[in-house]
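K.L.:
One structure, as structure tokens, below. Some questions next.
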Amino acid sequence: MAKSKNRGSEEVNAGSMADIAFLLLIFFLVTTQIATNKGLTLLLPPKQEEDEPIEIKQQQRNIFKIQVNSLDRLLVEDEPLEDVSQIRDMVYDFVLNFGSPSQVKKGKKGAEVSEVETYNSLPASMKSYISRNLGSSESSDGPASAIVSVKADRGSSYEIFISILDELNAAYNKIYGERVGLTDEEFRKLNRNDPREKALYDEARSGIPKAISIAEPTKSAE
Amino acid sequence: MKFSVKSQTQQDIPTAALPDIIFMLLFFFMVSTIMRETEVRVTQKIPRAEQLVKLQRKDLIAHLYVGLPKDSGYGKEPVIQADGVFIDVGKIGAWVEEVRAGLSEEEKDQLTVSFKVDKEVQMGLIVDIQTELRKVNARKIIYQSPRKEEE
């Protein structure tokens, strides 16, 4: 009986080691979430001084007003709107209206462009769309003066706010993309660390600032 | 001609190195993935969006989580969580300064505040947070959101 001792193999069977390691690997693959820092970016306005109320000098036609009440109902340009996805085309038309483009140069230092120059830099397809359908004196003077204002009631939901913001970004990305011959998705994915793509990005955005203003809701009487 | 030479070649592939390869992969994943340092203690049903942009610098993001507390002991009203603790709206400014203290001088104004907000939260609270952020001049924000599924 003592003989049987020697018969067993001396090596540890390592054949299943790969399976064990695979199991661990798959466990890690499944459970780890790769942190995605993706979302909708926004630049807040600078701090508001309390003693000097901001005078609204902007003409009404240059402001695209979106209001949301506490029941998540929309009022866009003082008209009720049911379907959020219509905002995209409305904002697109509003920004590219070129009602009376100005000659005054605006924008970042060293890269100032006037609205007339912006118009001239657009591709032919966009120009013909603008001259055929837009240019109304009721809508914005030009992209540099156009402002989209979102005023959400304190009781409105975050969900509707995000869907509006998404539509606004969609409209602007569509404009930027079309301007340099990309789709809105391709424009969004431009890598700004790459100098060539950065140049394209800057070209698309020059003269058309993304002017989304989140207006403060009226204080409820408490 | 004799063909018997053929049969002398070894037929099976040596698999002894396989566990090592797999272990290497495993270690790679263990090292490269960052575990979530803070446990999120608020509900996070984040509304989806389509027009997402990716932020380049991960270390310049400060996270705020807003939602209903998972532990009902904290009430049924939305709360703000920053770095694992619940904070009041009024403390947001101090919190931003605290985060900024850990950054170098030129990075201080590049800080982006990320919002992860439950869809049940009302806009009033979000606006209050943003007013506080404007006071300390932390103006870059991002509303984090998963991608909308294509229809």
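Here's how to read the names in the structure tokens: chain A, B, ... by the order shown, residue numbers from 1 in each chain, ligand numbers from 1 in the order shown.
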Return as an MDAnalysis selection string the full set of residues in range 124-206 of chain A whose backbone-based DSSP assignment is strand (DSSP E or B).

P.N.:
chainID A and resid 147:152 157

K.L.:
Taking only C-alpha atoms into account, report as a PyMOL selection string which residues of chain B lie within 9 Å of chain A.

P.N.:
chain B and resi 15-23+25-27+29-30+33-36+46-56+58+61+114+117-127+130-131+133-147

K.L.:
Quick one: pick out all alpha helix (DSSP H) residues within chain A from a backbone DSSP run and write them as a PyMOL selection string.

P.N.:
chain A and resi 4-7+17-31+86-95+115-121+124-133+158-179+184-188+195-205

K.L.:
If we count only C-alpha atoms, what is near Leu96 in chain A at a cut-off of 9 Å, once residues fewer than 3 positions away on the same chain are taken out, given as an NGL selection string?

P.N.:
:A and (91-93 or 99 or 119 or 126 or 130 or 134-135 or 140-143 or 146 or 175)

K.L.:
To one decimal in Å, tell me the separation between CA of Gly181 in chain A and CA of Arg57 in chain B.

P.N.:
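Calculated distance between CA of Gly181 in chain A and CA of Arg57 in chain B is 27.9 Å.
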
K.L.:
Which neighbours of Glu82 in chain A fall inside 9 Å, counting only C-alpha atoms, when residues of the same chain fewer than 6 positions from it are skipped, and could you give them as a list in words?

P.N.:
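Here the qualifying residues turn out to be Arg73, Leu74 and Leu75 of chain A.
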
K.L.:
Any chance you can output those residues with C-alpha atoms as a JSON list (two decimals), in the first residue's frame?

P.N.:
[["chain", "number", "residue", "atom", "x", "y", "z"],
["A", 73, "ARG", "CA", -44.53, 72.71, -20.84],
["A", 74, "LEU", "CA", -42.58, 74.76, -23.35],
["A", 75, "LEU", "CA", -43.12, 78.29, -24.55]]

K.L.:
Counting only C-alpha atoms, what is within 10 Å of Phe86 in chain B, bar same-chain residues fewer than 5 positions away, as a PyMOL selection string?

P.N.:
chain B and resi 41-42+64-66+69+74+79-81

K.L.:
CA of Gln44 in chain B to CA of Gly67 in chain B: how many Å, to one decimal?

P.N.:
6.3 Å

K.L.:
Hey, which of B:Lys116, B:Lys148, B:Arg100, B:His63 ends up closest to Thr43 in chain B? Count only C-alpha atoms.

P.N.:
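Answer, going by the shortest atom-to-atom distance: B:Lys116.
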
K.L.:
To one decimal in Å, tell me the separation between CA of Phe187 in chain A and CA of Val68 in chain A.

P.N.:
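So the two atoms, CA of Phe187 in chain A and CA of Val68 in chain A, lie 29.1 Å apart.
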